[in-house]
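Okay, run.txt is below, compact mmCIF, C-alpha atoms:
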# COMPACT_ATOMS: atom_id res chain seq x y z
CA TYR A 87 -60.69 5.95 -64.48
CA GLU A 88 -64.41 5.41 -64.27
CA MET A 89 -65.91 2.27 -62.79
CA SER A 90 -69.07 0.68 -64.06
CA SER A 91 -70.93 -2.59 -63.57
CA VAL A 92 -72.05 -4.89 -66.38
CA THR A 93 -74.17 -7.95 -65.56
CA GLY A 94 -73.04 -7.78 -61.97
CA VAL A 95 -69.32 -7.75 -62.83
CA GLN A 96 -67.21 -4.78 -61.79
CA THR A 97 -65.61 -3.31 -64.91
CA CYS A 98 -62.95 -0.77 -65.57
CA ALA A 99 -63.89 1.64 -68.35
CA LEU A 100 -61.71 3.84 -70.57
CA PRO A 101 -59.22 5.36 -70.55
CA ILE A 102 -57.12 3.11 -68.28
CA CYS A 103 -57.39 0.48 -65.59
CA GLY A 104 -53.86 0.14 -64.27
CA GLY A 105 -51.94 2.90 -65.99
CA TYR A 106 -49.84 2.88 -69.16
CA ASP A 107 -46.46 4.55 -68.96
CA ASP A 108 -43.63 5.09 -71.44
CA GLU A 109 -42.24 1.59 -70.86
CA ALA A 110 -45.67 0.05 -71.43
CA SER A 111 -45.73 1.45 -74.96
CA THR A 112 -43.11 -1.13 -75.89
CA SER A 113 -44.29 -3.70 -78.42
CA TRP A 114 -44.34 -6.94 -76.45
CA SER A 115 -44.46 -10.40 -78.02
CA GLY A 116 -45.26 -12.52 -74.97
CA LEU A 117 -45.69 -12.45 -71.22
CA SER A 118 -45.80 -14.62 -68.10
CA VAL A 119 -47.30 -13.83 -64.69
CA LYS A 120 -47.03 -15.75 -61.42
CA GLY A 121 -47.51 -14.68 -57.81
CA GLU A 122 -46.39 -11.06 -57.53
CA SER A 123 -44.18 -11.19 -60.64
CA ALA A 124 -44.61 -10.47 -64.33
CA CYS A 125 -42.19 -10.81 -67.26
CA ALA A 126 -42.56 -9.83 -70.91
CA PHE A 127 -40.32 -9.97 -73.96
CA ASP A 128 -40.23 -7.77 -77.06
CA PRO A 129 -39.85 -8.86 -80.72
CA ALA A 130 -36.07 -8.87 -80.34
CA GLY A 131 -36.36 -11.24 -77.39
CA ASP A 132 -35.26 -8.69 -74.80
CA LEU A 133 -36.81 -9.59 -71.47
CA THR A 134 -38.12 -7.22 -68.79
CA CYS A 135 -39.43 -8.40 -65.42
CA TRP A 136 -41.23 -6.68 -62.55
CA GLY A 137 -41.72 -7.74 -58.95
CA PRO A 138 -39.57 -10.49 -57.36
CA ALA A 139 -38.80 -12.02 -60.78
CA ALA A 140 -36.68 -8.98 -61.62
CA GLU A 141 -34.07 -10.54 -59.32
CA TYR A 142 -34.05 -13.95 -61.02
CA SER A 143 -34.71 -13.49 -64.73
CA THR A 144 -32.39 -14.59 -67.52
CA SER A 145 -30.50 -11.89 -69.44
CA LEU A 146 -30.52 -13.82 -72.72
CA ALA A 147 -32.86 -13.11 -75.62
CA VAL A 148 -35.93 -15.33 -75.39
CA ARG A 149 -38.88 -16.41 -77.50
CA ASP A 150 -40.83 -17.93 -74.59
CA ILE A 151 -40.77 -17.22 -70.87
CA ALA A 152 -42.24 -18.90 -67.78
CA VAL A 153 -41.96 -17.13 -64.44
CA GLY A 154 -42.47 -18.88 -61.12
CA ASN A 155 -42.52 -17.91 -57.46
CA ASN A 156 -38.79 -18.55 -57.00
CA HIS A 157 -37.30 -19.16 -60.44
CA SER A 158 -37.91 -18.57 -64.12
CA CYS A 159 -37.02 -20.31 -67.37
CA GLY A 160 -36.91 -19.04 -70.94
CA LEU A 161 -36.31 -20.47 -74.39
CA ASP A 162 -33.73 -18.86 -76.64
CA VAL A 163 -34.08 -18.58 -80.42
CA ASP A 164 -32.76 -22.13 -80.83
CA GLY A 165 -35.22 -23.55 -78.30
CA ARG A 166 -32.57 -24.11 -75.63
CA VAL A 167 -33.69 -23.58 -72.04
CA HIS A 168 -32.07 -21.05 -69.71
CA CYS A 169 -33.21 -20.79 -66.10
CA ALA A 170 -32.34 -18.50 -63.22
CA GLY A 171 -33.28 -18.13 -59.57
CA HIS A 172 -33.69 -20.48 -56.62
CA ASP A 173 -32.03 -23.85 -57.27
CA SER A 174 -32.47 -26.19 -54.30
CA TYR A 175 -33.46 -29.24 -56.35
CA GLY A 176 -32.04 -28.58 -59.80
CA GLU A 177 -35.07 -26.63 -61.03
CA THR A 178 -32.78 -24.22 -62.89
CA GLU A 179 -30.65 -27.00 -64.43
CA PRO A 180 -32.49 -27.97 -67.65
CA PRO A 181 -31.51 -30.75 -70.04
CA ASN A 182 -29.62 -29.85 -73.19
CA LEU A 183 -32.62 -30.18 -75.50
CA ALA A 184 -34.45 -28.03 -78.01
CA LEU A 185 -37.93 -27.29 -76.63
CA ARG A 186 -40.94 -25.42 -77.99
CA GLN A 187 -42.55 -24.60 -74.62
CA VAL A 188 -41.36 -24.28 -71.05
CA VAL A 189 -43.43 -24.12 -67.82
CA VAL A 190 -42.44 -23.78 -64.17
CA GLY A 191 -44.00 -24.82 -60.87
CA ASP A 192 -42.82 -25.02 -57.29
CA TYR A 193 -39.20 -26.26 -57.24
CA GLN A 194 -39.57 -27.93 -60.65
CA SER A 195 -39.73 -27.08 -64.33
CA CYS A 196 -40.95 -28.90 -67.43
CA GLY A 197 -40.79 -28.46 -71.17
CA LEU A 198 -42.28 -29.79 -74.37
CA ASP A 199 -39.91 -30.88 -77.12
CA LEU A 200 -40.42 -30.66 -80.87
CA GLN A 201 -42.02 -34.12 -80.93
CA GLY A 202 -44.50 -33.25 -78.17
CA GLU A 203 -42.73 -35.26 -75.49
CA VAL A 204 -42.51 -33.92 -71.92
CA HIS A 205 -39.24 -33.39 -70.02
CA CYS A 206 -39.02 -32.24 -66.39
CA TRP A 207 -36.21 -31.27 -64.06
CA GLY A 208 -36.02 -30.24 -60.43
CA TRP A 209 -37.57 -31.59 -57.25
CA GLU A 210 -39.83 -34.23 -58.80
CA ARG A 211 -39.70 -35.92 -62.20
CA ILE A 212 -43.41 -35.40 -62.60
CA ALA A 213 -43.35 -36.11 -66.35
CA THR A 214 -43.13 -39.84 -65.64
CA GLU A 215 -46.63 -39.68 -64.07
CA LEU A 216 -48.31 -38.36 -67.23
CA PRO A 217 -49.66 -40.77 -69.85
CA GLU A 218 -47.44 -41.08 -72.88
CA GLY A 219 -47.83 -38.18 -75.34
CA PRO A 220 -47.43 -36.50 -77.67
CA TYR A 221 -48.82 -33.29 -76.18
CA GLU A 222 -49.78 -29.99 -77.77
CA ARG A 223 -49.41 -27.70 -74.72
CA LEU A 224 -48.41 -27.83 -71.06
CA SER A 225 -49.63 -25.95 -68.01
CA MET A 226 -48.08 -26.02 -64.55
CA ALA A 227 -48.74 -24.53 -61.12
CA GLY A 228 -47.72 -25.59 -57.64
CA TYR A 229 -46.85 -29.26 -57.89
CA GLN A 230 -49.29 -30.11 -60.68
CA LEU A 231 -48.44 -30.52 -64.36
CA CYS A 232 -51.15 -30.83 -67.01
CA GLY A 233 -50.80 -31.68 -70.68
CA LEU A 234 -53.22 -31.10 -73.54
CA ASP A 235 -52.85 -33.99 -75.99
CA LEU A 236 -53.46 -34.01 -79.73
CA ASP A 237 -57.05 -35.24 -79.21
CA GLY A 238 -57.92 -32.35 -76.92
CA GLN A 239 -57.81 -34.45 -73.75
CA ILE A 240 -56.19 -33.03 -70.61
CA HIS A 241 -54.07 -35.26 -68.40
CA CYS A 242 -52.68 -34.08 -65.05
CA ALA A 243 -50.13 -35.37 -62.56
CA GLY A 244 -49.28 -34.12 -59.10
CA SER A 245 -51.25 -31.69 -56.97
CA LEU A 246 -52.00 -27.97 -56.83
CA SER A 247 -49.87 -27.15 -53.76
CA THR A 248 -51.99 -28.00 -50.70
CA CYS A 249 -55.30 -27.67 -52.55
CA GLY A 250 -55.76 -31.25 -53.66
CA GLU A 251 -55.37 -33.64 -56.55
CA GLY A 252 -58.24 -32.31 -58.68
CA ALA A 253 -58.22 -32.85 -62.42
CA PRO A 254 -60.44 -31.65 -65.28
CA PRO A 255 -63.40 -33.84 -66.23
CA GLU A 256 -63.28 -35.75 -69.47
CA GLY A 257 -63.92 -33.75 -72.61
CA GLN A 258 -62.23 -32.12 -75.57
CA TYR A 259 -60.48 -28.82 -74.92
CA VAL A 260 -58.43 -26.27 -76.83
CA ALA A 261 -56.73 -24.41 -73.96
CA MET A 262 -56.09 -24.62 -70.21
CA ASP A 263 -54.54 -22.66 -67.36
CA GLN A 264 -53.78 -23.23 -63.68
CA SER A 265 -53.28 -21.17 -60.54
CA SER A 266 -51.96 -22.35 -57.20
CA CYS A 267 -55.35 -23.80 -56.19
CA HIS A 268 -57.55 -24.31 -59.26
CA GLY A 269 -57.39 -24.92 -62.98
CA CYS A 270 -59.70 -24.21 -65.91
CA ALA A 271 -60.04 -25.51 -69.45
CA LEU A 272 -61.67 -24.00 -72.55
CA ASP A 273 -63.54 -26.13 -75.10
CA GLU A 274 -64.24 -25.48 -78.79
CA GLN A 275 -67.55 -23.74 -78.01
CA GLY A 276 -65.78 -21.34 -75.66
CA SER A 277 -67.29 -22.91 -72.55
CA VAL A 278 -65.10 -23.05 -69.43
CA THR A 279 -64.76 -26.04 -67.12
CA CYS A 280 -62.73 -25.73 -63.91
CA TRP A 281 -61.41 -28.12 -61.29
CA ASN A 282 -60.75 -27.54 -57.59
CA ALA A 283 -63.04 -24.55 -58.04
CA GLY A 284 -66.45 -23.43 -56.82
CA PRO A 285 -69.02 -22.04 -59.25
CA GLU A 286 -68.01 -18.46 -58.42
CA LEU A 287 -64.66 -19.07 -60.18
CA VAL A 288 -66.16 -20.38 -63.43
CA PRO A 289 -66.91 -17.89 -66.24
CA PRO A 290 -70.56 -18.53 -67.21
CA GLY A 291 -71.93 -19.33 -70.63
CA ASP A 292 -69.83 -19.89 -73.74
CA GLY A 293 -68.12 -17.90 -76.47
CA TRP A 294 -64.99 -17.18 -74.43
CA LEU A 295 -61.75 -16.96 -76.43
CA GLU A 296 -59.08 -17.21 -73.74
CA ILE A 297 -58.81 -17.87 -70.01
CA ALA A 298 -56.35 -16.97 -67.26
CA THR A 299 -56.51 -18.32 -63.70
CA GLY A 300 -55.13 -16.50 -60.67
CA ASP A 301 -55.23 -17.14 -56.95
CA GLY A 302 -58.93 -16.89 -56.12
CA PHE A 303 -60.15 -15.72 -59.52
CA THR A 304 -60.56 -16.56 -63.20
CA CYS A 305 -60.53 -14.08 -66.08
CA ALA A 306 -61.82 -14.72 -69.60
CA LEU A 307 -61.60 -12.87 -72.90
CA ASP A 308 -64.87 -12.43 -74.83
CA ASP A 309 -65.40 -12.05 -78.59
CA ALA A 310 -64.97 -8.26 -78.28
CA ALA A 311 -61.57 -8.87 -76.61
CA ASP A 312 -62.90 -7.46 -73.33
CA VAL A 313 -61.65 -9.05 -70.10
CA HIS A 314 -64.20 -10.31 -67.54
CA CYS A 315 -63.03 -11.57 -64.15
CA PHE A 316 -64.83 -13.79 -61.64
CA GLY A 317 -64.19 -14.96 -58.08
CA PRO A 318 -63.68 -13.57 -54.58
CA ALA A 319 -60.24 -12.14 -55.38
CA ALA A 320 -61.07 -10.98 -58.91
CA PRO A 321 -59.60 -7.72 -60.19
CA GLU A 322 -61.78 -5.28 -62.09
CA SER A 323 -62.95 -6.47 -65.48
CA LEU A 324 -61.51 -4.46 -68.37
CA ILE A 325 -64.04 -3.20 -70.90
CA GLY A 326 -63.25 -1.13 -73.97
CA MET A 327 -59.51 -1.87 -74.16
CA PRO A 328 -59.22 -5.00 -76.33
CA MET A 329 -56.59 -7.52 -75.22
CA HIS A 330 -55.13 -10.40 -77.19
CA GLU A 331 -53.18 -12.28 -74.52
CA LEU A 332 -53.76 -12.72 -70.79
CA ASP A 333 -51.93 -14.20 -67.82
CA ALA A 334 -52.74 -14.01 -64.12
CA GLY A 335 -50.80 -14.33 -60.89
CA GLY A 336 -51.41 -13.80 -57.19
CA GLN A 337 -54.64 -12.61 -55.72
CA GLY A 338 -56.04 -9.92 -57.97
CA LEU A 339 -53.06 -9.51 -60.33
CA ILE A 340 -53.56 -9.88 -64.08
CA CYS A 341 -51.66 -8.65 -67.15
CA GLY A 342 -52.56 -8.49 -70.82
CA LEU A 343 -51.17 -7.41 -74.17
CA ASP A 344 -52.93 -5.03 -76.53
CA GLU A 345 -52.01 -2.84 -79.50
CA MET A 346 -50.49 -0.22 -77.17
CA GLY A 347 -48.26 -2.63 -75.30
CA MET A 348 -48.73 -4.33 -71.94
CA LEU A 349 -51.06 -3.48 -69.08
CA CYS A 350 -51.11 -4.97 -65.58
CA TRP A 351 -53.80 -4.20 -63.05
CA GLY A 352 -55.11 -5.43 -59.74
CA GLN A 353 -53.45 -6.06 -56.41
CA GLY A 354 -49.73 -5.34 -56.35
CA ALA A 355 -49.37 -4.14 -59.95
CA ALA A 356 -48.61 -0.52 -59.09
CA ASP A 357 -46.44 -1.38 -56.07
CA ALA A 358 -44.21 -3.57 -58.26
CA GLY A 359 -43.88 -0.83 -60.89
CA MET A 360 -45.62 -2.92 -63.52
CA PRO A 361 -46.84 -1.19 -66.69
Render the structure in this file as structure tokens.
Amino acid sequence: YEMSSVTGVQTCALPICGGYDDEASTSWSGLSVKGESACAFDPAGDLTCWGPAAEYSTSLAVRDIAVGNNHSCGLDVDGRVHCAGHDSYGETEPPNLALRQVVVGDYQSCGLDLQGEVHCWGWERIATELPEGPYERLSMAGYQLCGLDLDGQIHCAGSLSTCGEGAPPEGQYVAMDQSSCHGCALDEQGSVTCWNAGPELVPPGDGWLEIATGDGFTCALDDAADVHCFGPAAPESLIGMPMHELDAGGQGLICGLDEMGMLCWGQGAADAGMP
């Protein structure tokens, strides 16, 4: 592929950045990336994982998936949670509840039920530290859980591994994401605010449609569906291959969905056999 630079950001031009293969032409419905792992599921709910998560992914059909460093959890068609992997503290032993979202962190997992209430299982019952909901979405990394409430406020409990207790400033947001050391939130104007992050990790300006935080970088989707990445460990930006969903993992690893399927690029993507 051919590399170019736009406004000081390294970009990856057509035709490819990481490398589509036959498996990547699958129509994927959702994905999750964490550390050196990535998982994606197709419209039938069949799950495929790459990297370490291939050893601890559920074999059941799913409609949502959350992959962690040592375990993963998915929701089946009835919203029931199924987890697999490392289970030192009960992080793969979910309650018998119907959930609409599941997230995983280090040695713990949490989910959002149909009423917007938070339930956690594993090492620490971190849900008890959040203000009472209901919540619209959850995000989790390390030992920190954040919830986006119905008023657009973000509330966090716990810490991002060893990186501190940082939390987003007050404001109204529409989306959020966390990595092991920093988190970012997106407001209605498409402006990004981050916590536990230096200015080099914050996408500038506004008009961004989606964000994904990885270890040492932040990527954002612009109104042309191009991916721009920022930070010392940032992978190449992806220009000219419109994406509609992003998720990021370890240093330099990011994956996205587009009309052709799924594409992962950056550090470790090829070594793990990712599409």
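Comparing the minimum interatomic distances between A:Trp114 and each of A:Ala126, A:Cys196, A:Leu216, A:Val189, counting only C-alpha atoms, we find that A:Ala126 sits nearest.
Considering the residues A:Asp128, A:Asp344, A:Asp173, A:Asp333 and counting all atoms listed in the file, A:Val153 has its shortest atom-to-atom contact with A:Asp333.
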Residues within 8 Å of (-40.5, -28.3, -62.2), file coords, all atoms listed in the file, listed as a ChimeraX atom specification: /A:177,189-196,206-212,229
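The space separating atom CA of A:Glu331 from atom CA of A:Glu179 comes to 28.7 Å.
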Produce a table with one row for each residue of stretch 325-357 of chain A that has an atom at most 8 Å from any atom of stretch 303-312 of chain A, each row naming the nearest atom pair and its distance in Å at one decimal; use all atoms listed in the file; arrange rows by chain and rising residue number; format as JSON lines.
{"residue": "A:Ile325", "atom": "CA", "partner": "A:Asp312", "partner_atom": "CA", "distance": 5.0}
{"residue": "A:Gly326", "atom": "CA", "partner": "A:Asp312", "partner_atom": "CA", "distance": 6.4}
{"residue": "A:Met327", "atom": "CA", "partner": "A:Asp312", "partner_atom": "CA", "distance": 6.6}
{"residue": "A:Pro328", "atom": "CA", "partner": "A:Ala311", "partner_atom": "CA", "distance": 4.5}
{"residue": "A:Met329", "atom": "CA", "partner": "A:Ala311", "partner_atom": "CA", "distance": 5.3}
{"residue": "A:His330", "atom": "CA", "partner": "A:Ala311", "partner_atom": "CA", "distance": 6.6}
{"residue": "A:Gln337", "atom": "CA", "partner": "A:Phe303", "partner_atom": "CA", "distance": 7.4}
{"residue": "A:Gly338", "atom": "CA", "partner": "A:Phe303", "partner_atom": "CA", "distance": 7.3}
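Atom pair atom CA of A:Asp235 / atom CA of A:Arg166: separated by 22.6 Å.
Relative to atom CA of A:Leu287, atom CA of A:Phe316 is found at 5.5 Å.
Distances to A:Glu215 were evaluated for A:Thr299, A:Gln201, A:Asn155, A:Gln230 using all atoms listed in the file, and the minimum falls at A:Gln230.
Checking A:Ala253, A:Ile240, A:Cys267, A:Leu200 one by one against A:Gly228, counting all atoms listed in the file, you find the shortest gap at A:Cys267.
Shortest atom-to-atom contact with A:Ala356 among A:Glu296, A:Glu274, A:Glu122, A:Asp263: A:Glu122, counting only C-alpha atoms.
Minimum atom-to-atom distance to A:Ala140, evaluated using all atoms listed in the file, belongs to A:Ala170 out of A:Ser115, A:Gly300, A:Ala170, A:Ala261.
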If I put a ball of radius 10 Å at (-54.7, -23.8, -54.5) in the file's coordinates, which residues poke into it when counting all atoms listed in the file, written as a PyMOL selection string? chain A and resi 227-228+245-250+264-269+282-283+300-302
Residue contacts of A:Leu185 (12 Å, all atoms listed in the file) excluding same-chain residues fewer than 6 positions away, as a VMD selection string: chain A and resid 149 to 151 159 to 168 196 to 206 223 to 224
Give me stretch 173-196 of chain A with N, CA, C and O atoms filled in, as a PDB file, in the frame of the given file.
ATOM      1  N   ASP A 173     -32.414 -22.569 -56.674  1.00  0.00           N
ATOM      2  CA  ASP A 173     -32.030 -23.850 -57.270  1.00  0.00           C
ATOM      3  C   ASP A 173     -31.698 -24.870 -56.187  1.00  0.00           C
ATOM      4  O   ASP A 173     -30.586 -25.363 -56.098  1.00  0.00           O
ATOM      5  N   SER A 174     -32.689 -25.199 -55.355  1.00  0.00           N
ATOM      6  CA  SER A 174     -32.470 -26.190 -54.300  1.00  0.00           C
ATOM      7  C   SER A 174     -32.465 -27.611 -54.821  1.00  0.00           C
ATOM      8  O   SER A 174     -31.794 -28.485 -54.277  1.00  0.00           O
ATOM      9  N   TYR A 175     -33.264 -27.872 -55.876  1.00  0.00           N
ATOM     10  CA  TYR A 175     -33.460 -29.240 -56.350  1.00  0.00           C
ATOM     11  C   TYR A 175     -33.130 -29.409 -57.830  1.00  0.00           C
ATOM     12  O   TYR A 175     -33.572 -30.376 -58.443  1.00  0.00           O
ATOM     13  N   GLY A 176     -32.388 -28.478 -58.395  1.00  0.00           N
ATOM     14  CA  GLY A 176     -32.040 -28.580 -59.800  1.00  0.00           C
ATOM     15  C   GLY A 176     -33.088 -28.004 -60.727  1.00  0.00           C
ATOM     16  O   GLY A 176     -33.068 -28.271 -61.934  1.00  0.00           O
ATOM     17  N   GLU A 177     -33.998 -27.178 -60.199  1.00  0.00           N
ATOM     18  CA  GLU A 177     -35.070 -26.630 -61.030  1.00  0.00           C
ATOM     19  C   GLU A 177     -34.583 -25.613 -62.052  1.00  0.00           C
ATOM     20  O   GLU A 177     -35.306 -25.263 -62.983  1.00  0.00           O
ATOM     21  N   THR A 178     -33.341 -25.129 -61.893  1.00  0.00           N
ATOM     22  CA  THR A 178     -32.780 -24.220 -62.890  1.00  0.00           C
ATOM     23  C   THR A 178     -31.674 -24.891 -63.699  1.00  0.00           C
ATOM     24  O   THR A 178     -30.842 -24.217 -64.304  1.00  0.00           O
ATOM     25  N   GLU A 179     -31.661 -26.237 -63.700  1.00  0.00           N
ATOM     26  CA  GLU A 179     -30.650 -27.000 -64.430  1.00  0.00           C
ATOM     27  C   GLU A 179     -31.330 -27.855 -65.503  1.00  0.00           C
ATOM     28  O   GLU A 179     -31.514 -29.058 -65.336  1.00  0.00           O
ATOM     29  N   PRO A 180     -31.721 -27.249 -66.616  1.00  0.00           N
ATOM     30  CA  PRO A 180     -32.490 -27.970 -67.650  1.00  0.00           C
ATOM     31  C   PRO A 180     -31.622 -28.917 -68.460  1.00  0.00           C
ATOM     32  O   PRO A 180     -30.393 -28.779 -68.500  1.00  0.00           O
ATOM     33  N   PRO A 181     -32.252 -29.870 -69.131  1.00  0.00           N
ATOM     34  CA  PRO A 181     -31.510 -30.750 -70.040  1.00  0.00           C
ATOM     35  C   PRO A 181     -31.093 -29.983 -71.292  1.00  0.00           C
ATOM     36  O   PRO A 181     -31.662 -28.936 -71.618  1.00  0.00           O
ATOM     37  N   ASN A 182     -30.114 -30.496 -71.967  1.00  0.00           N
ATOM     38  CA  ASN A 182     -29.620 -29.850 -73.190  1.00  0.00           C
ATOM     39  C   ASN A 182     -30.456 -30.323 -74.379  1.00  0.00           C
ATOM     40  O   ASN A 182     -30.036 -31.155 -75.175  1.00  0.00           O
ATOM     41  N   LEU A 183     -31.675 -29.790 -74.461  1.00  0.00           N
ATOM     42  CA  LEU A 183     -32.620 -30.180 -75.500  1.00  0.00           C
ATOM     43  C   LEU A 183     -33.227 -28.948 -76.133  1.00  0.00           C
ATOM     44  O   LEU A 183     -33.302 -27.885 -75.507  1.00  0.00           O
ATOM     45  N   ALA A 184     -33.678 -29.093 -77.369  1.00  0.00           N
ATOM     46  CA  ALA A 184     -34.450 -28.030 -78.010  1.00  0.00           C
ATOM     47  C   ALA A 184     -35.929 -28.228 -77.660  1.00  0.00           C
ATOM     48  O   ALA A 184     -36.496 -29.297 -77.905  1.00  0.00           O
ATOM     49  N   LEU A 185     -36.530 -27.227 -77.049  1.00  0.00           N
ATOM     50  CA  LEU A 185     -37.930 -27.290 -76.630  1.00  0.00           C
ATOM     51  C   LEU A 185     -38.742 -26.225 -77.353  1.00  0.00           C
ATOM     52  O   LEU A 185     -38.200 -25.237 -77.828  1.00  0.00           O
ATOM     53  N   ARG A 186     -40.062 -26.426 -77.403  1.00  0.00           N
ATOM     54  CA  ARG A 186     -40.940 -25.420 -77.990  1.00  0.00           C
ATOM     55  C   ARG A 186     -41.835 -24.752 -76.957  1.00  0.00           C
ATOM     56  O   ARG A 186     -42.520 -23.785 -77.278  1.00  0.00           O
ATOM     57  N   GLN A 187     -41.828 -25.242 -75.712  1.00  0.00           N
ATOM     58  CA  GLN A 187     -42.550 -24.600 -74.620  1.00  0.00           C
ATOM     59  C   GLN A 187     -41.870 -24.955 -73.316  1.00  0.00           C
ATOM     60  O   GLN A 187     -41.346 -26.059 -73.154  1.00  0.00           O
ATOM     61  N   VAL A 188     -41.883 -24.019 -72.376  1.00  0.00           N
ATOM     62  CA  VAL A 188     -41.360 -24.280 -71.050  1.00  0.00           C
ATOM     63  C   VAL A 188     -42.369 -23.768 -70.025  1.00  0.00           C
ATOM     64  O   VAL A 188     -43.029 -22.746 -70.239  1.00  0.00           O
ATOM     65  N   VAL A 189     -42.540 -24.504 -68.916  1.00  0.00           N
ATOM     66  CA  VAL A 189     -43.430 -24.120 -67.820  1.00  0.00           C
ATOM     67  C   VAL A 189     -42.689 -24.346 -66.511  1.00  0.00           C
ATOM     68  O   VAL A 189     -41.781 -25.181 -66.427  1.00  0.00           O
ATOM     69  N   VAL A 190     -43.078 -23.600 -65.467  1.00  0.00           N
ATOM     70  CA  VAL A 190     -42.440 -23.780 -64.170  1.00  0.00           C
ATOM     71  C   VAL A 190     -43.498 -23.903 -63.085  1.00  0.00           C
ATOM     72  O   VAL A 190     -44.591 -23.340 -63.186  1.00  0.00           O
ATOM     73  N   GLY A 191     -43.149 -24.665 -62.045  1.00  0.00           N
ATOM     74  CA  GLY A 191     -44.000 -24.820 -60.870  1.00  0.00           C
ATOM     75  C   GLY A 191     -43.193 -24.552 -59.627  1.00  0.00           C
ATOM     76  O   GLY A 191     -42.232 -23.783 -59.656  1.00  0.00           O
ATOM     77  N   ASP A 192     -43.558 -25.175 -58.528  1.00  0.00           N
ATOM     78  CA  ASP A 192     -42.820 -25.020 -57.290  1.00  0.00           C
ATOM     79  C   ASP A 192     -41.656 -26.002 -57.259  1.00  0.00           C
ATOM     80  O   ASP A 192     -41.863 -27.223 -57.208  1.00  0.00           O
ATOM     81  N   TYR A 193     -40.443 -25.478 -57.331  1.00  0.00           N
ATOM     82  CA  TYR A 193     -39.200 -26.260 -57.240  1.00  0.00           C
ATOM     83  C   TYR A 193     -39.040 -27.245 -58.407  1.00  0.00           C
ATOM     84  O   TYR A 193     -38.258 -28.190 -58.296  1.00  0.00           O
ATOM     85  N   GLN A 194     -39.720 -27.049 -59.488  1.00  0.00           N
ATOM     86  CA  GLN A 194     -39.570 -27.930 -60.650  1.00  0.00           C
ATOM     87  C   GLN A 194     -39.955 -27.172 -61.915  1.00  0.00           C
ATOM     88  O   GLN A 194     -40.658 -26.172 -61.876  1.00  0.00           O
ATOM     89  N   SER A 195     -39.473 -27.686 -63.032  1.00  0.00           N
ATOM     90  CA  SER A 195     -39.730 -27.080 -64.330  1.00  0.00           C
ATOM     91  C   SER A 195     -39.949 -28.196 -65.341  1.00  0.00           C
ATOM     92  O   SER A 195     -39.438 -29.310 -65.181  1.00  0.00           O
ATOM     93  N   CYS A 196     -40.701 -27.906 -66.386  1.00  0.00           N
ATOM     94  CA  CYS A 196     -40.950 -28.900 -67.430  1.00  0.00           C
ATOM     95  C   CYS A 196     -40.969 -28.206 -68.797  1.00  0.00           C
ATOM     96  O   CYS A 196     -41.180 -26.994 -68.892  1.00  0.00           O
TER      97      CYS A 196
END
